[in-house]
>>> print(open('data14.pdb').read())   # PDB, C-alpha atoms
ATOM      1  CA  MET A  23       6.751  20.124  27.959
ATOM      2  CA  THR A  24       6.790  16.448  28.828
ATOM      3  CA  TYR A  25       4.911  13.552  27.337
ATOM      4  CA  THR A  26       4.188   9.895  27.984
ATOM      5  CA  ILE A  27       3.531   7.104  25.497
ATOM      6  CA  ARG A  28       0.599   4.802  26.067
ATOM      7  CA  GLU A  29      -1.923   2.688  24.217
ATOM      8  CA  ALA A  30      -4.587   4.659  22.402
ATOM      9  CA  ARG A  31      -8.112   4.882  23.795
ATOM     10  CA  PRO A  32     -11.409   5.634  22.037
ATOM     11  CA  GLY A  33     -11.473   9.074  23.638
ATOM     12  CA  ASP A  34      -8.228  10.055  21.885
ATOM     13  CA  GLY A  35      -9.927  10.175  18.502
ATOM     14  CA  GLU A  36     -11.211  13.724  18.806
ATOM     15  CA  ALA A  37      -7.820  15.194  19.732
ATOM     16  CA  ILE A  38      -6.073  13.314  16.938
ATOM     17  CA  ALA A  39      -8.657  14.407  14.379
ATOM     18  CA  ALA A  40      -8.137  18.036  15.395
ATOM     19  CA  PHE A  41      -4.409  18.128  14.653
ATOM     20  CA  THR A  42      -4.449  15.893  11.574
ATOM     21  CA  GLU A  43      -7.260  17.467   9.556
ATOM     22  CA  ASP A  44      -4.827  19.634   7.556
ATOM     23  CA  THR A  45      -1.821  17.306   7.352
ATOM     24  CA  PHE A  46      -1.905  17.404   3.542
ATOM     25  CA  GLU A  47      -3.631  19.646   1.003
ATOM     26  CA  TRP A  48      -6.418  17.092   0.706
ATOM     27  CA  GLY A  49      -6.655  16.501   4.488
ATOM     28  CA  ASP A  50      -5.693  13.186   6.097
ATOM     29  CA  TYR A  51      -6.950   9.630   6.499
ATOM     30  CA  VAL A  52      -5.793   9.087  10.075
ATOM     31  CA  ALA A  53      -8.970  10.315  11.786
ATOM     32  CA  ASP A  54     -11.111   7.920   9.726
ATOM     33  CA  ALA A  55      -8.679   5.049  10.303
ATOM     34  CA  PHE A  56      -8.430   5.600  14.066
ATOM     35  CA  GLY A  57     -11.455   3.469  14.948
ATOM     36  CA  PRO A  58     -10.554   0.496  12.709
ATOM     37  CA  TRP A  59      -6.949   0.634  13.938
ATOM     38  CA  LEU A  60      -8.134   0.609  17.529
ATOM     39  CA  ASP A  61     -10.208  -2.511  16.802
ATOM     40  CA  ASP A  62      -7.543  -4.332  14.776
ATOM     41  CA  PRO A  63      -6.695  -7.535  16.705
ATOM     42  CA  ALA A  64      -3.331  -7.766  14.917
ATOM     43  CA  GLY A  65      -2.482  -4.104  15.474
ATOM     44  CA  HIS A  66      -1.126  -1.763  18.105
ATOM     45  CA  LEU A  67      -2.205   1.895  18.195
ATOM     46  CA  VAL A  68      -0.206   4.186  20.457
ATOM     47  CA  VAL A  69      -0.255   7.873  21.346
ATOM     48  CA  ALA A  70       2.003  10.371  23.035
ATOM     49  CA  ALA A  71       0.025  12.302  25.637
ATOM     50  CA  ASP A  72       0.787  15.636  27.287
ATOM     51  CA  GLU A  73       0.647  16.366  31.027
ATOM     52  CA  ALA A  74      -3.138  16.625  30.805
ATOM     53  CA  ASP A  75      -3.234  13.186  29.143
ATOM     54  CA  ARG A  76      -4.369  14.705  25.845
ATOM     55  CA  ALA A  77      -3.057  12.936  22.714
ATOM     56  CA  VAL A  78      -0.446  15.020  20.863
ATOM     57  CA  ALA A  79       0.936  12.316  18.570
ATOM     58  CA  THR A  80       0.008   8.870  17.291
ATOM     59  CA  ALA A  81       1.313   5.939  15.263
ATOM     60  CA  PHE A  82       0.019   2.516  14.292
ATOM     61  CA  GLY A  83       1.658  -0.862  13.749
ATOM     62  CA  THR A  84       0.245  -4.214  12.710
ATOM     63  CA  LEU A  85       1.518  -7.676  11.862
ATOM     64  CA  VAL A  86       1.026  -8.490   8.189
ATOM     65  CA  SER A  87       2.590 -11.949   8.531
ATOM     66  CA  ASP A  88       4.235 -14.017  11.256
ATOM     67  CA  GLN A  89       7.545 -12.215  10.696
ATOM     68  CA  GLU A  90       6.591  -8.867   9.121
ATOM     69  CA  ALA A  91       5.322  -5.697  10.762
ATOM     70  CA  TRP A  92       3.820  -2.700   9.012
ATOM     71  CA  LEU A  93       3.990   0.812  10.468
ATOM     72  CA  GLN A  94       1.920   3.791   9.364
ATOM     73  CA  GLY A  95      -0.005   6.856  10.411
ATOM     74  CA  ALA A  96       2.747   8.565  12.432
ATOM     75  CA  ARG A  97       1.491  12.074  13.179
ATOM     76  CA  VAL A  98       2.725  14.697  15.658
ATOM     77  CA  HIS A  99       0.944  17.879  16.678
ATOM     78  CA  PRO A 100       2.784  20.862  15.133
ATOM     79  CA  ALA A 101       3.507  22.335  18.563
ATOM     80  CA  TRP A 102       5.190  19.107  19.671
ATOM     81  CA  ARG A 103       7.436  18.443  16.710
ATOM     82  CA  ARG A 104      11.247  18.250  16.832
ATOM     83  CA  ARG A 105      11.223  16.557  20.222
ATOM     84  CA  GLY A 106      11.912  13.032  18.987
ATOM     85  CA  ILE A 107       8.333  11.902  19.565
ATOM     86  CA  ALA A 108       7.963  10.154  16.197
ATOM     87  CA  GLY A 109      11.119   8.147  16.861
ATOM     88  CA  ALA A 110       9.921   7.272  20.355
ATOM     89  CA  LEU A 111       6.593   6.023  19.025
ATOM     90  CA  ASP A 112       8.453   3.970  16.439
ATOM     91  CA  GLU A 113      10.603   2.348  19.136
ATOM     92  CA  VAL A 114       7.498   1.307  21.063
ATOM     93  CA  LEU A 115       5.937  -0.233  17.949
ATOM     94  CA  GLU A 116       9.174  -1.989  16.985
ATOM     95  CA  SER A 117       9.445  -3.509  20.470
ATOM     96  CA  TRP A 118       5.818  -4.626  20.317
ATOM     97  CA  ALA A 119       6.358  -6.249  16.907
ATOM     98  CA  ARG A 120       9.631  -7.893  17.935
ATOM     99  CA  GLN A 121       7.991  -9.480  20.974
ATOM    100  CA  ARG A 122       5.443 -11.056  18.632
ATOM    101  CA  GLY A 123       8.025 -12.619  16.341
ATOM    102  CA  ALA A 124       8.483  -9.968  13.664
ATOM    103  CA  SER A 125      11.966  -9.719  12.187
ATOM    104  CA  VAL A 126      11.364  -6.726   9.910
ATOM    105  CA  ALA A 127       9.282  -3.562   9.974
ATOM    106  CA  ARG A 128       8.278  -1.691   6.839
ATOM    107  CA  MET A 129       6.469   1.478   5.849
ATOM    108  CA  VAL A 130       5.680   3.356   2.639
ATOM    109  CA  ILE A 131       6.457   7.018   1.977
ATOM    110  CA  GLU A 132       5.530   9.197  -0.993
ATOM    111  CA  ALA A 133       8.446  10.199  -3.200
ATOM    112  CA  TRP A 134       7.774  13.897  -2.576
ATOM    113  CA  ASN A 135       7.788  13.564   1.229
ATOM    114  CA  THR A 136      11.481  14.198   1.819
ATOM    115  CA  ALA A 137      10.917  15.278   5.424
ATOM    116  CA  ALA A 138       9.418  11.895   6.344
ATOM    117  CA  GLN A 139      12.186  10.101   4.462
ATOM    118  CA  ALA A 140      14.844  12.009   6.387
ATOM    119  CA  GLN A 141      13.121  11.265   9.689
ATOM    120  CA  VAL A 142      12.849   7.502   9.191
ATOM    121  CA  GLY A 143      16.359   7.378   7.758
ATOM    122  CA  SER A 144      17.656   8.930  10.969
ATOM    123  CA  ILE A 145      16.202   6.062  13.039
ATOM    124  CA  GLY A 146      17.614   3.233  10.977
ATOM    125  CA  TYR A 147      15.197   2.627   8.117
ATOM    126  CA  ARG A 148      16.461   2.317   4.561
ATOM    127  CA  ARG A 149      14.763   2.561   1.224
ATOM    128  CA  VAL A 150      14.484  -0.950  -0.210
ATOM    129  CA  CYS A 151      12.372  -0.477  -3.339
ATOM    130  CA  SER A 152      10.246   1.970  -5.295
ATOM    131  CA  TRP A 153       6.658   1.448  -6.420
ATOM    132  CA  VAL A 154       4.035   3.297  -8.396
ATOM    133  CA  HIS A 155       0.492   3.726  -7.204
ATOM    134  CA  ALA A 156      -1.645   3.904 -10.344
ATOM    135  CA  GLU A 157      -5.256   5.070 -10.393
ATOM    136  CA  ARG A 158      -7.906   5.847 -12.963
ATOM    137  CA  SER A 159     -11.681   5.987 -13.193
ATOM    138  CA  VAL A 160     -13.389   3.166 -15.061
ATOM    139  CA  GLY A 161     -17.041   4.064 -14.588
ATOM    140  CA  ALA A 162     -19.470   5.247 -17.218
ATOM    141  CA  ALA A 163     -17.710   8.563 -17.791
ATOM    142  CA  SER A 164     -14.137   7.535 -16.942
ATOM    143  CA  PRO A 165     -12.364  10.628 -18.263
ATOM    144  CA  VAL A 166      -8.580  10.282 -18.191
ATOM    145  CA  THR A 167      -5.755  12.573 -19.188
ATOM    146  CA  ALA A 168      -3.719  10.017 -21.067
ATOM    147  CA  GLY A 169      -4.284   7.178 -23.489
ATOM    148  CA  ASN A 170      -6.299   7.462 -26.695
ATOM    149  CA  GLY A 171      -7.584  10.965 -26.030
ATOM    150  CA  GLY A 172      -9.168   9.939 -22.745
ATOM    151  CA  LYS A 173     -11.374   7.177 -24.167
ATOM    152  CA  ARG A 174     -11.093   3.564 -23.132
ATOM    153  CA  VAL A 175     -10.284   1.243 -26.012
ATOM    154  CA  ALA A 176     -11.033  -2.442 -25.524
ATOM    155  CA  ALA A 177      -7.991  -4.597 -24.898
ATOM    156  CA  SER A 178      -6.814  -7.114 -27.449
ATOM    157  CA  GLU A 179      -7.246  -9.865 -24.862
ATOM    158  CA  GLN A 180      -9.261 -10.569 -21.750
ATOM    159  CA  LEU A 181      -8.296 -11.509 -18.221
ATOM    160  CA  VAL A 182     -10.273 -14.512 -17.002
ATOM    161  CA  ARG A 183     -10.484 -16.126 -13.589
ATOM    162  CA  ALA A 184      -7.573 -18.506 -13.116
ATOM    163  CA  HIS A 185      -7.723 -22.000 -11.677
ATOM    164  CA  SER A 186      -5.499 -22.764  -8.693
ATOM    165  CA  SER A 187      -3.285 -24.739 -11.083
ATOM    166  CA  GLU A 188      -2.166 -21.353 -12.468
ATOM    167  CA  ALA A 189      -0.661 -20.342  -9.117
ATOM    168  CA  GLU A 190       2.590 -22.257  -9.537
ATOM    169  CA  PRO A 191       3.463 -21.127 -13.092
ATOM    170  CA  ALA A 192       2.541 -17.550 -12.162
ATOM    171  CA  TYR A 193       4.740 -17.679  -9.070
ATOM    172  CA  VAL A 194       7.665 -19.277 -10.900
ATOM    173  CA  SER A 195       7.496 -16.730 -13.714
ATOM    174  CA  TRP A 196       7.350 -13.832 -11.276
ATOM    175  CA  SER A 197      10.075 -15.189  -8.992
ATOM    176  CA  ALA A 198      12.551 -15.329 -11.864
ATOM    177  CA  GLY A 199      11.538 -12.028 -13.408
ATOM    178  CA  GLN A 200      12.311  -8.332 -13.201
ATOM    179  CA  LEU A 201       9.190  -7.351 -11.305
ATOM    180  CA  SER A 202      10.004  -9.586  -8.346
ATOM    181  CA  ARG A 203      13.537  -8.210  -8.155
ATOM    182  CA  ALA A 204      12.442  -4.588  -8.477
ATOM    183  CA  GLY A 205       9.703  -5.004  -5.877
ATOM    184  CA  ARG A 206      11.882  -7.045  -3.489
ATOM    185  CA  GLY A 207       9.379  -9.887  -3.567
ATOM    186  CA  LEU A 208       6.601  -7.809  -2.050
ATOM    187  CA  ILE A 209       2.886  -7.505  -2.676
ATOM    188  CA  GLY A 210       0.822  -4.382  -1.993
ATOM    189  CA  ILE A 211      -2.464  -4.894  -0.153
ATOM    190  CA  ARG A 212      -4.523  -1.868   0.901
ATOM    191  CA  TRP A 213      -1.425   0.365   1.212
ATOM    192  CA  ARG A 214       0.507  -2.307   3.121
ATOM    193  CA  PHE A 215       3.344  -4.439   1.812
ATOM    194  CA  ARG A 216       4.573  -7.902   2.715
ATOM    195  CA  ARG A 217       6.311 -10.848   1.100
ATOM    196  CA  LEU A 218       4.295 -12.638  -1.566
ATOM    197  CA  THR A 219       3.971 -16.393  -1.156
ATOM    198  CA  ILE A 220       2.611 -19.005  -3.528
ATOM    199  CA  ASP A 221      -0.208 -19.509  -1.031
ATOM    200  CA  ASP A 222      -1.336 -15.949  -1.762
ATOM    201  CA  LEU A 223      -1.881 -16.904  -5.387
ATOM    202  CA  LYS A 224      -3.560 -20.182  -4.486
ATOM    203  CA  SER A 225      -5.860 -18.379  -2.071
ATOM    204  CA  GLY A 226      -6.533 -15.747  -4.713
ATOM    205  CA  ALA A 227      -7.628 -18.428  -7.139
ATOM    206  CA  ARG A 228      -9.939 -19.983  -4.546
ATOM    207  CA  HIS A 229     -11.527 -16.579  -3.911
ATOM    208  CA  ASP A 230     -11.884 -15.607  -7.589
ATOM    209  CA  ALA A 231      -9.132 -12.990  -7.332
ATOM    210  CA  LEU A 232      -6.412 -14.548  -9.525
ATOM    211  CA  TRP A 233      -6.771 -13.652 -13.197
ATOM    212  CA  ALA A 234      -4.858 -14.872 -16.240
ATOM    213  CA  ALA A 235      -4.333 -13.858 -19.853
ATOM    214  CA  ARG A 236      -1.730 -14.553 -22.520
ATOM    215  CA  SER A 237       0.103 -11.422 -21.366
ATOM    216  CA  GLY A 238       0.371 -12.402 -17.699
ATOM    217  CA  TRP A 239      -1.380 -12.747 -14.355
ATOM    218  CA  VAL A 240      -3.096 -10.359 -11.973
ATOM    219  CA  LEU A 241      -4.147 -10.643  -8.336
ATOM    220  CA  GLY A 242      -7.030  -8.268  -7.822
ATOM    221  CA  ALA A 243     -10.568  -7.897  -6.545
ATOM    222  CA  ARG A 244     -13.293  -5.320  -6.155
ATOM    223  CA  HIS A 245     -13.698  -3.634  -2.770
ATOM    224  CA  GLY A 246     -16.593  -1.229  -2.728
ATOM    225  CA  GLU A 247     -16.290   1.023  -5.776
ATOM    226  CA  MET A 248     -12.589   0.243  -6.197
ATOM    227  CA  PHE A 249     -11.030  -2.624  -8.141
ATOM    228  CA  GLU A 250      -7.672  -3.152  -6.414
ATOM    229  CA  VAL A 251      -4.654  -4.876  -7.964
ATOM    230  CA  GLY A 252      -1.825  -5.590  -5.540
ATOM    231  CA  TRP A 253       0.286  -7.894  -7.690
ATOM    232  CA  LEU A 254       0.855  -8.646 -11.333
ATOM    233  CA  GLU A 255       3.305 -10.517 -13.527
ATOM    234  CA  THR A 256       4.060  -9.679 -17.139
ATOM    235  CA  SER A 257       6.920  -8.895 -19.506
ATOM    236  CA  GLU A 258       8.062  -5.714 -21.199
ATOM    237  CA  GLU A 259       6.650  -6.959 -24.496
ATOM    238  CA  ASP A 260       3.237  -7.785 -23.003
ATOM    239  CA  ALA A 261       2.848  -5.009 -20.419
ATOM    240  CA  ALA A 262       0.724  -2.746 -22.618
ATOM    241  CA  ASP A 263      -1.740  -5.545 -23.413
ATOM    242  CA  LEU A 264      -2.010  -6.541 -19.756
ATOM    243  CA  ALA A 265      -2.504  -2.945 -18.600
ATOM    244  CA  ARG A 266      -5.403  -2.453 -21.008
ATOM    245  CA  ALA A 267      -6.868  -5.807 -19.986
ATOM    246  CA  ILE A 268      -6.752  -4.727 -16.323
ATOM    247  CA  VAL A 269      -8.767  -1.603 -17.157
ATOM    248  CA  ASP A 270     -11.339  -3.723 -18.997
ATOM    249  CA  LEU A 271     -11.505  -6.177 -16.094
ATOM    250  CA  ALA A 272     -12.186  -3.382 -13.601
ATOM    251  CA  ALA A 273     -14.946  -2.040 -15.854
ATOM    252  CA  ASP A 274     -16.438  -5.514 -16.303
ATOM    253  CA  GLN A 275     -16.510  -5.878 -12.515
ATOM    254  CA  ARG A 276     -18.595  -2.670 -12.423
ATOM    255  CA  ALA A 277     -16.004  -0.780 -10.410
ATOM    256  CA  GLU A 278     -15.863   2.999 -10.559
ATOM    257  CA  LEU A 279     -12.154   3.265  -9.813
ATOM    258  CA  LEU A 280      -9.064   1.183 -10.529
ATOM    259  CA  GLU A 281      -6.036   1.044  -8.232
ATOM    260  CA  VAL A 282      -2.832  -0.783  -9.180
ATOM    261  CA  TRP A 283       0.320  -1.225  -7.115
ATOM    262  CA  ALA A 284       3.316  -2.046  -9.306
ATOM    263  CA  PRO A 285       7.099  -2.003  -8.938
ATOM    264  CA  ASP A 286       8.533   1.199 -10.389
ATOM    265  CA  VAL A 287       9.936  -0.340 -13.564
ATOM    266  CA  GLY A 288      10.037   2.043 -16.513
ATOM    267  CA  TRP A 289       8.270  -0.082 -19.103
ATOM    268  CA  LEU A 290       5.514  -1.096 -16.683
ATOM    269  CA  ALA A 291       4.935   2.488 -15.530
ATOM    270  CA  THR A 292       4.716   3.561 -19.167
ATOM    271  CA  ALA A 293       2.160   0.843 -19.927
ATOM    272  CA  LEU A 294      -0.024   1.882 -16.989
ATOM    273  CA  ARG A 295       0.219   5.542 -17.934
ATOM    274  CA  ARG A 296      -0.739   4.799 -21.545
ATOM    275  CA  ALA A 297      -3.719   2.828 -20.239
ATOM    276  CA  GLY A 298      -4.964   6.063 -18.722
ATOM    277  CA  CYS A 299      -3.673   5.773 -15.159
ATOM    278  CA  GLU A 300      -2.293   8.618 -13.095
ATOM    279  CA  LEU A 301       0.851   7.529 -11.278
ATOM    280  CA  ASP A 302       2.329   8.505  -7.916
ATOM    281  CA  GLN A 303       5.771   7.289  -6.939
ATOM    282  CA  MET A 304       6.248   5.659  -3.551
ATOM    283  CA  SER A 305       9.152   4.070  -1.728
ATOM    284  CA  VAL A 306       9.092   1.184   0.742
ATOM    285  CA  TRP A 307      11.399   1.552   3.731
ATOM    286  CA  ALA A 308      12.471  -1.317   5.989
ATOM    287  CA  LYS A 309      14.366  -1.975   9.187
ATOM    288  CA  ALA A 310      15.524  -5.275  10.671
ATOM    289  CA  LEU A 311      14.169  -5.862  14.153
TER
END
>>> encode(input="data14.pdb", output="structure tokens")
Amino acid sequence: MTYTIREARPGDGEAIAAFTEDTFEWGDYVADAFGPWLDDPAGHLVVAADEADRAVATAFGTLVSDQEAWLQGARVHPAWRRRGIAGALDEVLESWARQRGASVARMVIEAWNTAAQAQVGSIGYRRVCSWVHAERSVGAASPVTAGNGGKRVAASEQLVRAHSSEAEPAYVSWSAGQLSRAGRGLIGIRWRFRRLTIDDLKSGARHDALWAARSGWVLGARHGEMFEVGWLETSEEDAADLARAIVDLAADQRAELLEVWAPDVGWLATALRRAGCELDQMSVWAKAL
């Protein structure tokens, strides 16, 4: 059984959907993402094809900054596994990213997915930091399994839109703090990670996405029914107040769901859990190009 690696085509979508529909207990996102990935001007979607030119594996890479590449969605048909195809796809994406100026490639893997961790470790990636992906409902019903018997209690303070003048103090505080060190200076945006810059906070302020309270700062915005927080800065003493304020902010923005990416620091994870969030542990892996 031989294969070739080539750029993905629109016609590959059906074959990829067929072998990815049962990747996890809940299914998979790759089939839905295939079209947007194919159209991403900053991305590169590749497949491994069998002798009949039918896609039997796929992977996606994109540039998230001038020097940072993000890899995701590596899937191999069960009948084609253990042939080094995932590593071969990765090499193609690394070469593509390197030619475009990237000096590092990263990916995120769930803590429970030891098979994927072993695979990427064998091709030179290393775990650089751990994060929690926190979610909870914030709509009218918003039942949760933790925090005040499942009922949302109003926070003692409110997050308000921050002026661009808040960007520098927020960045300085974060840069010198535990959350920056634990998260290796990264920000999570739609399940992708890259280095945070002060311009991110300035841009957030200009687009009404930087929020401030006595207990800290948050970079977040509503996308559809989800209020997404990819960065925050707070202290151990203030984390509980900020977590509750984030829940209130999501509700005030009329979101149905709240999603928070946060470095896996014990006191911050505890604050998010007590605010009613369900947490999944993730790890970011990186490789120099």
>>> resolve_selection(input="data14.pdb", expression="the PyMOL selection byres ((chain A and resi 275-290) around 7)", output="VMD selection string")
chain A and resid 152 to 161 201 204 to 205 210 244 247 to 253 258 261 271 to 274 291 to 294
>>> resolve_selection(input="data14.pdb", expression="the PyMOL selection byres ((chain A and resi 187) around 12)", output="VMD selection string")
chain A and resid 183 to 186 188 to 193 220 to 221 223 to 228 232 to 234
>>> resolve_selection(input="data14.pdb", expression="the PyMOL selection byres ((chain A and resi 263) around 9)", output="list in words")
Ala177, Ser178, Glu179, Ser237, Glu259, Asp260, Ala261, Ala262, Leu264, Ala265, Arg266, Ala267, Ile268 and Ala293 of chain A
>>> residues_around(input="data14.pdb", residues="Trp118 in chain A", least_positions_apart="3", cutoff="10 Å", atoms="all atoms listed in the file", output="PyMOL selection string")
chain A and resi 65-66+83-85+91+112-115+121-124
>>> closest_residue(input="data14.pdb", among="A:Asp222, A:Asp34, A:Glu29, A:Asp44", to="Val68 in chain A", atoms="only C-alpha atoms")
A:Glu29
>>> residues_around(input="data14.pdb", residues="range 212-215 of chain A", least_positions_apart="3", cutoff="8 Å", atoms="all atoms listed in the file", output="list in words")
Val86, Trp92, Arg128, Met129, Val130, Leu208, Ile209 and Gly252 of chain A
>>> atom_distance(input="data14.pdb", atom1="CA of Gly238 in chain A", atom2="CA of Val150 in chain A")
25.2 Å
>>> atom_distance(input="data14.pdb", atom1="CA of Ala137 in chain A", atom2="CA of Leu60 in chain A")
26.9 Å
